[in-house]
Every structure is written in structure tokens, then in C-alpha cells.
Amino acid sequence: MSLETSRKIFIVGDYDLAATLNSGQAFRWVEEGDGWSAVVDNRWVFVKQIGKGIEARVAEPVSDWRWLEEYLQVGVDIKAVTDSFPDDEPMREAVRACRGLRLLLQDPWECLASFILSSNKQITQIRQMVALICERFGEPVVSGESRGQGCPRSAFAFPSAARLAETSEEALRECRLGYRAPYLLKSARMVAEGEVELDRMREMGCGEAREELLKLPGVGRKIADCALLFAGGHQEAFPIDVWILKALKELYFARKRKVTPKRLQEFSMTYFGPHGGYAQQYLFHYMRKQAGRA
DNA sequence: GTCCAGGACCTAG
DNA sequence: CTAGGTCATGGA
């Protein structure tokens, strides 16, 4: 019998929680005072940075914290990862600006569904859409007994594919999804029916898993690569969005007049090494930080 | 009022 | 394979 606790400390260096939780890879984290809260693996959790690492609290005591350890990827040797990046000026700058930034390992469906909503939307708006579908269709995860003690009045899990599959396009449009509503609904149905097995994504090779994801409506190369990278553990996946496109053009192809998308895709897959997706996240956050200062 | 957002999809060249 | 238009909504 293992002891149940509602508090846990992860000893870890080089971990910047704020950068990690606010770098556009997950959309449920809300800043609360000196930390952040969200629902992970159907549990409400609050995390904050402390001297030696990360302190976590949950609403309902647990005996096993591996779910959070895996999600936060505290066991990853981040120095080994950043050392694998190409030794050029842009990457050195990005690493300097984003020290402690980590990739999370998220739930496949929540991650994929969130990124289906992400197309042509700002991160703040993606957060709003995700929050709405959780409030309206997600299971409540905070029981009556645990309310009050630093926990929220209510918190909701991200709705399963099966749950969303039984909603309607109209109900989803009322969550402000716009033209993304039918994409999410159809993808939810296909996942719920097992047409695409998201849970096998981590066992499959990156390319094979990508082909599966591309079968889903509303999922193109970029969104597929986000799911592969943020939930599939495939760190060679390299999502190219408008920010990364700008970064690649300005930092690596400034001399070229015209660069085709295909050329950029090839470059991104070969140049940045075995943890290319990680490098991509550093470039992404680096570009956004710079823009925020201007 | 204008521009654009962690794009996908459809059509025409 | 590339270029351009469209999609729904709302920050900036």
C-alpha cells in the first residue's frame, strides 16, 4: 500500500515552467498567482516553480505521480537535447533566450483536437475555444469534498472523442469554433470508431503515424506534426506554422529570393537533427518573445 | 475599419 | 508542385 499525497516536489534543474506552459504547445494552463493550474489526465493540478524544481498540488490525493512526471517530462536530459541542435548563431540565440523550455508529452486526443481548432487562430483564442468545449462537454473532475482548499469551484476534463462524437456541429459552433466545427466533429467520430488509432501513435514510426493522422479532416501536415511532436513523442516532427516560416526565411534563407515550401520542409527535416522538433519549439518561442517586446 | 491569427482544402495553372 | 481564394471569429 503506497501513501496517498496531494503534494509532490520534482527535483529538476533547467526547467522553466512559464516558458513551457506558455509556449503554445498546450492550451489549458491558467496562470494563478505564483503558479499555473490545469486539468491533466482527468486531475486538477497546480504547479509552481521552486528553487530546486517544481512543486505540484492536486485536488484529489494520489499514490502515483508518474502521470504528471511523464506529462512534464522532468526526466529528460535537456542539455543533451539542446547540445544536439545545430551549432549556428540563430540556434545559439534561441537556446539562450529560452533556457529551461521543455516539450510536454500530452494526451493524444486532447492535443490533436486542440490543434484542429488552432488553424488560423491566435493562441489566446485557441485557449478560449478549448475552455468552452471542456466546460460544455467535459466531465467534472473536482468533487464536493475537495472544493475550497485552494482548489477551484469546478474544473472539467477535456471531452473524449466519443463524447464529442455525439455532439452536433451546431453545438460546437456555439463554442465559437467557426468552420472548424465540422472538422472536429468528423475527426472525433473517426477516432471514436477506431478508424484512426491515436493510442498507437507512439509505437508507430513517425512517417507511418503521420499518414494515419492525415486521414482525419482538418488535419494537414502542420497539425499532424504538432500531434506527433507534442503527444506522439516523435521529436523529429517539425511543424511549420507562420512563425516558423518567418524564422526559417529570415534566419536561414535571407539571401534567397524565393524558397518553395517543399524546400523548407526538406531543410527542416534534415538540418536540425534528431530532436528537430525540440529545436523548432525553441525557435517558435524565441520569435514570439522577440515580437512581444517590439 | 483593417489586418491577421501555431491552416486546411479546393481549384486552376 | 505551386499560387490564390475561401472558410468563421475576434484580438491587436
# chains A, B, ... in the order shown; residues from 1 in each chain; ligands from 1
>>> closest_atom_pairs(of="chain B", to="chain A", cutoff="10 Å", atoms="only C-alpha atoms (C1' of nucleotides)", output="Markdown table")
| residue | atom | partner | partner_atom | distance |
| --- | --- | --- | --- | --- |
| B:DC4 | C1' | A:Asn120 | CA | 8.6 |
| B:DA5 | C1' | A:Lys121 | CA | 4.3 |
| B:DG6 | C1' | A:Asp241 | CA | 5.4 |
| B:DG7 | C1' | A:Ser119 | CA | 4.5 |
| B:DA8 | C1' | A:Gly218 | CA | 5.7 |
| B:DC9 | C1' | A:Gly218 | CA | 8.4 |
>>> interface_residues(of="chain C", to="chain A", cutoff="7 Å", atoms="only C-alpha atoms (C1' of nucleotides)", output="PyMOL selection string")
chain C and resi 7-9
>>> select_by_dssp(residues="range 35-179 of chain A", states="strand (DSSP E or B)", output="list in words")
Gly35, Trp36, Ser37, Ala38, Val39, Val40, Arg43, Trp44, Val45, Phe46, Val47, Lys48, Gln49, Ile50, Gly53, Ile54, Glu55, Ala56, Arg57, Val58, Ala59, Glu60, Pro61, Val62, Pro140 and Phe156 of chain A
>>> residues_around(residues="Leu251 in chain A", least_positions_apart="4", cutoff="12 Å", atoms="only C-alpha atoms (C1' of nucleotides)", output="ChimeraX atom specification")
/A:88-94,243-247,255-256,283,287
>>> write_last_selection(atoms="all heavy atoms", output="compact mmCIF listing (two decimals), in the first residue's frame")
# COMPACT_ATOMS: atom_id res chain seq x y z
N ASP A 88 24.78 26.87 -34.78
CA ASP A 88 24.79 28.10 -35.58
C ASP A 88 24.26 29.25 -34.73
O ASP A 88 23.74 29.04 -33.64
CB ASP A 88 23.96 27.93 -36.87
CG ASP A 88 22.49 27.62 -36.59
OD1 ASP A 88 21.99 27.99 -35.51
OD2 ASP A 88 21.86 26.98 -37.45
N GLU A 89 24.40 30.46 -35.23
CA GLU A 89 24.04 31.63 -34.44
C GLU A 89 22.55 31.70 -34.08
O GLU A 89 22.22 31.95 -32.92
CB GLU A 89 24.48 32.91 -35.17
CG GLU A 89 24.45 34.15 -34.31
CD GLU A 89 25.19 33.97 -32.98
OE1 GLU A 89 26.19 33.23 -32.93
OE2 GLU A 89 24.74 34.54 -31.96
N PRO A 90 21.65 31.45 -35.04
CA PRO A 90 20.22 31.51 -34.66
C PRO A 90 19.85 30.54 -33.53
O PRO A 90 19.14 30.92 -32.59
CB PRO A 90 19.51 31.12 -35.97
CG PRO A 90 20.44 31.53 -37.04
CD PRO A 90 21.81 31.28 -36.49
N MET A 91 20.35 29.30 -33.61
CA MET A 91 20.01 28.32 -32.57
C MET A 91 20.66 28.68 -31.25
O MET A 91 20.06 28.49 -30.19
CB MET A 91 20.40 26.91 -33.00
CG MET A 91 19.45 26.23 -33.99
SD MET A 91 17.68 26.33 -33.58
CE MET A 91 17.61 25.66 -31.94
N ARG A 92 21.89 29.19 -31.29
CA ARG A 92 22.52 29.62 -30.03
C ARG A 92 21.70 30.73 -29.38
O ARG A 92 21.48 30.74 -28.17
CB ARG A 92 23.96 30.09 -30.29
CG ARG A 92 24.97 28.95 -30.44
CD ARG A 92 26.41 29.45 -30.36
NE ARG A 92 26.75 30.33 -31.48
CZ ARG A 92 27.27 29.89 -32.64
NH1 ARG A 92 27.50 28.61 -32.82
NH2 ARG A 92 27.55 30.74 -33.60
N GLU A 93 21.23 31.68 -30.18
CA GLU A 93 20.39 32.76 -29.68
C GLU A 93 19.10 32.22 -29.06
O GLU A 93 18.68 32.64 -27.99
CB GLU A 93 20.03 33.72 -30.82
CG GLU A 93 21.11 34.72 -31.15
CD GLU A 93 21.15 35.86 -30.13
OE1 GLU A 93 20.10 36.15 -29.53
OE2 GLU A 93 22.25 36.42 -29.93
N ALA A 94 18.47 31.30 -29.78
CA ALA A 94 17.20 30.76 -29.33
C ALA A 94 17.36 30.00 -28.01
O ALA A 94 16.55 30.14 -27.09
CB ALA A 94 16.60 29.84 -30.40
N TRP A 243 4.94 31.40 -37.84
CA TRP A 243 6.09 31.92 -37.09
C TRP A 243 7.37 31.21 -37.51
O TRP A 243 8.41 31.84 -37.71
CB TRP A 243 5.88 31.71 -35.58
CG TRP A 243 4.85 32.60 -35.00
CD1 TRP A 243 3.51 32.31 -34.85
CD2 TRP A 243 5.02 33.93 -34.50
NE1 TRP A 243 2.86 33.37 -34.29
CE2 TRP A 243 3.77 34.38 -34.06
CE3 TRP A 243 6.13 34.78 -34.38
CZ2 TRP A 243 3.58 35.65 -33.50
CZ3 TRP A 243 5.95 36.04 -33.82
CH2 TRP A 243 4.68 36.46 -33.40
N ILE A 244 7.30 29.89 -37.62
CA ILE A 244 8.48 29.12 -38.01
C ILE A 244 8.85 29.42 -39.47
O ILE A 244 10.03 29.50 -39.82
CB ILE A 244 8.22 27.61 -37.83
CG1 ILE A 244 8.08 27.30 -36.33
CG2 ILE A 244 9.35 26.80 -38.41
CD1 ILE A 244 9.32 27.60 -35.51
N LEU A 245 7.84 29.62 -40.29
CA LEU A 245 8.08 30.00 -41.68
C LEU A 245 8.90 31.28 -41.75
O LEU A 245 9.91 31.38 -42.46
CB LEU A 245 6.73 30.19 -42.39
CG LEU A 245 6.78 30.40 -43.90
CD1 LEU A 245 7.34 29.16 -44.57
CD2 LEU A 245 5.39 30.73 -44.44
N LYS A 246 8.47 32.26 -40.95
CA LYS A 246 9.18 33.53 -40.86
C LYS A 246 10.61 33.33 -40.33
O LYS A 246 11.56 33.91 -40.87
CB LYS A 246 8.39 34.46 -39.94
CG LYS A 246 8.89 35.87 -39.81
CD LYS A 246 7.80 36.72 -39.16
CE LYS A 246 8.33 37.63 -38.05
NZ LYS A 246 9.15 38.73 -38.56
N ALA A 247 10.72 32.50 -39.30
CA ALA A 247 12.04 32.25 -38.70
C ALA A 247 12.98 31.61 -39.71
O ALA A 247 14.13 32.04 -39.87
CB ALA A 247 11.90 31.35 -37.47
N ARG A 255 19.15 35.21 -47.89
CA ARG A 255 19.77 35.57 -49.17
C ARG A 255 18.93 35.16 -50.37
O ARG A 255 19.06 35.72 -51.45
CB ARG A 255 21.14 34.91 -49.30
CG ARG A 255 22.11 35.29 -48.21
CD ARG A 255 22.93 36.50 -48.62
NE ARG A 255 23.13 37.41 -47.52
CZ ARG A 255 23.85 38.53 -47.64
NH1 ARG A 255 24.37 38.86 -48.79
NH2 ARG A 255 24.00 39.33 -46.61
N LYS A 256 18.11 34.14 -50.15
CA LYS A 256 17.33 33.61 -51.28
C LYS A 256 16.11 34.49 -51.54
O LYS A 256 15.43 34.93 -50.62
CB LYS A 256 16.86 32.19 -50.96
CG LYS A 256 17.99 31.19 -50.78
CD LYS A 256 18.46 30.70 -52.13
CE LYS A 256 19.45 29.55 -51.94
NZ LYS A 256 19.97 29.09 -53.23
N LEU A 283 12.79 27.82 -31.49
CA LEU A 283 12.68 28.90 -32.47
C LEU A 283 11.33 29.60 -32.37
O LEU A 283 11.25 30.83 -32.44
CB LEU A 283 12.87 28.34 -33.90
CG LEU A 283 14.28 28.01 -34.32
CD1 LEU A 283 14.28 27.35 -35.70
CD2 LEU A 283 15.15 29.27 -34.34
N MET A 287 10.97 33.53 -31.38
CA MET A 287 10.37 34.51 -32.29
C MET A 287 9.23 35.25 -31.62
O MET A 287 9.09 36.46 -31.75
CB MET A 287 9.84 33.81 -33.55
CG MET A 287 10.89 33.18 -34.44
SD MET A 287 12.03 34.38 -35.15
CE MET A 287 11.02 35.10 -36.45
>>> residues_around(residues="Cys98 in chain A", least_positions_apart="5", cutoff="8 Å", atoms="only C-alpha atoms (C1' of nucleotides)", output="list in words")
Ala19, Tyr282, His285 and Tyr286 of chain A
>>> atom_distance(atom1="CA of Gly292 in chain A", atom2="CA of Phe46 in chain A")
26.3 Å
>>> atom_distance(atom1="CA of Val47 in chain A", atom2="CA of Val30 in chain A")
10.5 Å
>>> select_by_dssp(residues="range 15-226 of chain A", states="alpha helix (DSSP H)", output="ChimeraX atom specification")
/A:17-21,66-72,78-83,89-97,108-116,123-137,161-165,169-173,181-192,206-213,221-226
>>> residues_around(residues="Gly232 in chain A", least_positions_apart="3", cutoff="6 Å", atoms="only C-alpha atoms (C1' of nucleotides)", output="list in words")
Met201, Arg202, Leu228 and Leu229 of chain A
>>> atom_distance(atom1="CA of Pro140 in chain A", atom2="CA of Pro108 in chain A")
20.0 Å
